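Undergrad: Sharing a structure here in structure tokens format.
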Amino acid sequence: MELGIYTFGDITPDPHTGRAVSVSQRYAEIVAAAKLADEAGLDVFAIGEHHRLDLPVSSPAVVMAAIAGGTKRIRLSSAVTILSTLDPVRVFQDFATVDLLSGGRAEIIAGRGAFTESFGLFGENLEDYDALFAEKLDLLLKLNQSPRVTWQGRFRAPLNDSQISPRPIGKLPIWLGVGGNPESALRAGDLGLPLILANITQPPANFSGQIAAYRQRHANKGHDAGRLRVAIATHVHVAKESQSALEEFYPYYSAYFREHAPRANLRSDISRDVYEKRTSSTGPTPVGSPQQVIDKLMYERELFAFDRFLCQVDIGGLPYAKVAQSIELLATHVLPAMRKAAPAGVN
């Protein structure tokens with residue numbers, strides 16, 4: 001069982017002071033959090049890609065390369081790579097470079113993304129949303145398999161025995177990121193890819209059927225069962241005491257949705273009632289003492305039999321000291337309990 005951190009690097013004014021850190025300071029905090037997660041013993045550090053002033057990490061691979069030199073063992077991933085609007089060759093080269101710099105620790109989570117700004121920015125047609133992703137994912141997978149590739153599609157120039165360099169230390173782990181679309185989960189099953197479900201608003205039980213369908217499709221297609229992996233990603237906050245965790249996180253949680261929801265009609269303060277439903281024992285958001293977070297993760301493990309859980313702990317302008325405390329508590333209390341509870345032979 002793996003436990004890790006992911007970040008979008010959001011720039012949010014602190015709801016108590018109205019002040020926001022600079023982008024350079026935010027980048028420094030991301031690198032510091034990754035080093036702390038590595039030293040504390042967490043398994044994964046992942047960085048999301050966006051193309052907005054309020055979510056200023058546009059190139060996760062560049063940030064991952066900066067982190068690689070200051071860490072020793074933690075796996076480094078995107079969260080997600082918006083493959084529909086990128087060139088798969090460049091994506092593969094960038095992440096292969098990170099893999100070489102980090103001694104084989106790079107991963108890609110490929111996804112379509114909830115934000116659509118990158119389509120206009122890179123000259124892609126939003127009407128081709130799904131077709132672009134399907135084609136570019138096909139190419140990315142082929143690039144990962146061979147140092148020379150011949151390929152032809154609709155949206156980019158063909159490749160004819162093209163040399164793909166550099167090569168990673170091994171094959172790059174490529175996960176498929178999904179946000180609740182059942183067809184996306186089935187695509188992962190068809191392709192035999194590991195799946196990561198990002199769920200920040202819905203009761204987790206709503207997705208148990210989708211994950212079961214993914215597992216069934218993976219088996220029906222005859223893929224190696226050893227390649228079937230499930231991960232869950234959501235917002236998390238841990239403090240030493242349950243009530244202080246609930247109280248201190250709420251203003252930042254609400255501010256995050258007000259400032260950064262993907263569509264304008266979703267940008268509003270989260271009411272206290274909604275917050276408490278989401279942080280309840282069957283909601284999507286683990287907030288509380290280490291034991292409460294353990295209990296919530298065990299509940300989701302029963303639903304999904306997940307192999308990896310990723311926690312977004314730095315949202316809404318939450319001060320770095322609080323972020324660091326969550327990381328340390330996850331590493332020293334939550335992860336050991338989850339590994340102890342995992343069946344023998346299961347990560």
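Within each chain, counting starts at residue 1; across the structure tokens, chains are named A, B, ... in the order shown, with ligands numbered 1 upward in that order.
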Write out as a ChimeraX atom specification all residues of stretch 79-216 of chain A that DSSP puts in helix (DSSP H, G or I) for this structure's backbone.
TA: /A:83-85,88-101,117-121,126-145,182-191,204-216
Undergrad: Residues near stretch 186-190 of chain A, anyone? I mean within 7 Å using only C-alpha atoms, not counting same-chain ones fewer than 2 positions away, as a PyMOL selection string.
TA: chain A and resi 176+182-184+192-195+213-215+217-218+221
Undergrad: Can you list, as a count of residues only, every protein, DNA or RNA residue that comes within 6 Å of A:Gly111 when you count only C-alpha atoms, leaving out same-chain residues fewer than 6 positions away?
TA: 4
Undergrad: Residues within 7 Å of stretch 320-333 of chain A, please, as a list in words. Count only C-alpha atoms; anything in the same chain fewer than 3 positions from it doesn't count.
TA: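 So, after excluding close chain neighbours, the residues are Glu29, Ala33, Ala37, Ala40, Gly41, Leu42, His237, Val238, Ala239, Pro290, Val313, Asp314, Pro336 and Ala337 of chain A.
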Undergrad: For the residues selected in the previous step, produce a file with N, CA and C atoms as a compact mmCIF listing (two decimals), in the first residue's frame.
TA:
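File part-v8.txt, as written:
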```txt
# COMPACT_ATOMS: atom_id res chain seq x y z
N GLU A 29 7.92 26.16 -1.85
CA GLU A 29 7.16 25.33 -0.92
C GLU A 29 6.91 23.93 -1.49
N ALA A 33 8.15 20.61 0.29
CA ALA A 33 7.19 19.56 0.66
C ALA A 33 7.63 18.21 0.10
N ALA A 37 8.45 14.97 2.29
CA ALA A 37 7.75 13.70 2.06
C ALA A 37 8.74 12.57 1.82
N ALA A 40 10.45 11.74 5.15
CA ALA A 40 9.53 11.15 6.12
C ALA A 40 9.12 9.74 5.75
N GLY A 41 9.32 9.34 4.48
CA GLY A 41 9.05 7.96 4.09
C GLY A 41 7.80 7.76 3.25
N LEU A 42 7.17 8.83 2.78
CA LEU A 42 6.04 8.66 1.88
C LEU A 42 6.52 8.14 0.52
N HIS A 237 -6.57 16.60 5.20
CA HIS A 237 -5.91 17.44 6.20
C HIS A 237 -5.83 16.66 7.51
N VAL A 238 -4.63 16.62 8.08
CA VAL A 238 -4.39 15.89 9.32
C VAL A 238 -3.81 16.83 10.35
N ALA A 239 -4.34 16.78 11.55
CA ALA A 239 -3.79 17.51 12.70
C ALA A 239 -3.81 16.56 13.90
N PRO A 290 -4.96 11.65 13.09
CA PRO A 290 -4.42 10.52 12.34
C PRO A 290 -5.36 9.32 12.35
N VAL A 313 -2.77 18.18 0.18
CA VAL A 313 -2.79 18.73 1.55
C VAL A 313 -2.49 20.22 1.61
N ASP A 314 -2.26 20.86 0.46
CA ASP A 314 -1.74 22.23 0.48
C ASP A 314 -2.67 23.22 -0.21
N PRO A 336 2.11 3.80 8.43
CA PRO A 336 2.39 2.53 9.12
C PRO A 336 1.12 1.73 9.43
N ALA A 337 0.06 2.43 9.84
CA ALA A 337 -1.19 1.73 10.15
C ALA A 337 -1.80 1.10 8.90
```
